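Okay, so here's the structure we're looking at.
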Amino acid sequence: MKALHSTILTAALAMLFLSGCATAPATQEDKQELQRHAATALDKAKVSDPTLVKFLGSSAGYAVFPNIGKGAVGVGGAYGKGVLMEKGVVVGYCDLSQATIGLQLGGQAYSEIIAFETPDAVQIFKQGNFRFSAQATAVALKSGVGTNAKYAEGVAVFTMDEAGLMYEASIGGQKFSYMPK
């Protein structure tokens with residue numbers, strides 16, 4: 001019983017921490033730095049898989065999260081800030097919060113790119129109504145994956161540059177917030 005209370009308390013603290021993070025960076029300097037990190041992550045993804053250029057070019061928009069940190073001991077959480085791009089231009093800032101529970105242990109850092117197939121999918125994201133339930137399927141970027149990438153319910157998710165070690169058999173979800181530039 002004590003372990004259950006500890007787990008619930010840990011989950012509540014993780015969610016409180018994650019919900020306390022602001023969507024947009026506070027200063028203009030921090031906004032520019034986030035944009036530079038996102039551009040670097042995007043460039044790295046395009047070098048890793050040149051077919052991604054065409055895929056993203058035909059999308060209605062995409063969110064780039066250059067650095068998502070994730071950690072867990074039974075209860076887990078992840079957080080990262082990013083930028084939303086339409087037609088190759090940054091239109092706003094976004095953040096990703098994730099909470100999971102299950103058999104999981106470790107920590108990792110990764111980048112994530114979420115491509116939106118239609119303008120409606122971009123609008124849903126902007127309204128803050130966008131979330132992945134359970135563990136959404138993400139494709140690890142490697143050469144040629146953009147050629148075969150498919151949208152599922154108007155969205156395609158790519159991850160790259162995983163660093164760290166994470167064992168996970170969990171359920172949870174990702175929630176996103178958006179703030180216009």
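Following the order of the structure tokens, chains are lettered A, B, ..., residues in each are numbered from 1, and ligands are numbered from 1.
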
Using only C-alpha atoms, which residues of range 106-131 of chain A come within 9 Å of range 80-98 of chain A, and what is the closest atom pair for each, with the distance in Å to one decimal? Give it as a Markdown table, sorted by chain and residue number.
```
| residue | atom | partner | partner_atom | distance |
| --- | --- | --- | --- | --- |
| A:Ser111 | CA | A:Gly80 | CA | 8.8 |
| A:Val122 | CA | A:Glu86 | CA | 8.8 |
| A:Lys126 | CA | A:Cys94 | CA | 8.7 |
```

Selection export as a tab-separated table (two decimals), in the first residue's frame, atoms kept: N, CA and C atoms:
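Okay, this is what ended up in out-v4.tsv:
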```tsv
chain	number	residue	atom	x	y	z
A	111	SER	N	15.09	13.49	-30.33
A	111	SER	CA	14.39	14.53	-31.08
A	111	SER	C	13.16	13.90	-31.71
A	122	VAL	N	-3.13	20.51	-38.66
A	122	VAL	CA	-2.33	21.59	-38.07
A	122	VAL	C	-3.20	22.42	-37.13
A	126	LYS	N	-2.79	23.32	-33.18
A	126	LYS	CA	-2.72	24.69	-32.68
A	126	LYS	C	-3.76	24.97	-31.59
```

Would you kindly return, as a list in words, each protein, DNA or RNA residue with an atom no farther than 7 Å from any atom of range 66-73 of chain A, considering only C-alpha atoms and excluding same-chain residues fewer than 6 positions away?
His37, Ala38, Ala41, Tyr79, Gly80, Gly82, Gln104, Leu105, Gly106, Gly107, Gln108, Ala109, Tyr110, Ser111 and Glu112 of chain A

Take the residues just selected and output them with C-alpha atoms as a PDB file, in the first residue's frame.
```pdb
ATOM      1  CA  HIS A  37      18.279  23.976 -32.112  1.00  0.00           C
ATOM      2  CA  ALA A  38      15.177  23.001 -34.106  1.00  0.00           C
ATOM      3  CA  ALA A  41      17.794  18.890 -35.546  1.00  0.00           C
ATOM      4  CA  TYR A  79       9.184  17.000 -21.692  1.00  0.00           C
ATOM      5  CA  GLY A  80      10.479  19.008 -24.609  1.00  0.00           C
ATOM      6  CA  GLY A  82       9.743  22.820 -30.057  1.00  0.00           C
ATOM      7  CA  GLN A 104       9.955   1.084 -17.307  1.00  0.00           C
ATOM      8  CA  LEU A 105      13.366   2.091 -16.083  1.00  0.00           C
ATOM      9  CA  GLY A 106      16.001   4.496 -17.352  1.00  0.00           C
ATOM     10  CA  GLY A 107      16.401   7.740 -19.176  1.00  0.00           C
ATOM     11  CA  GLN A 108      16.947   8.966 -22.691  1.00  0.00           C
ATOM     12  CA  ALA A 109      17.055  12.056 -24.855  1.00  0.00           C
ATOM     13  CA  TYR A 110      15.753  12.216 -28.396  1.00  0.00           C
ATOM     14  CA  SER A 111      14.389  14.530 -31.081  1.00  0.00           C
ATOM     15  CA  GLU A 112      10.916  14.201 -32.546  1.00  0.00           C
TER      16      GLU A 112
END
```

Quick one: of A:Leu52, A:Ala45, A:Leu103, A:Ala26, who's nearest to Gly76 in chain A, counting only C-alpha atoms?
A:Leu103

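Take CA of Gln174 in chain A and CA of Arg131 in chain A: the distance between them is 5.5 Å.
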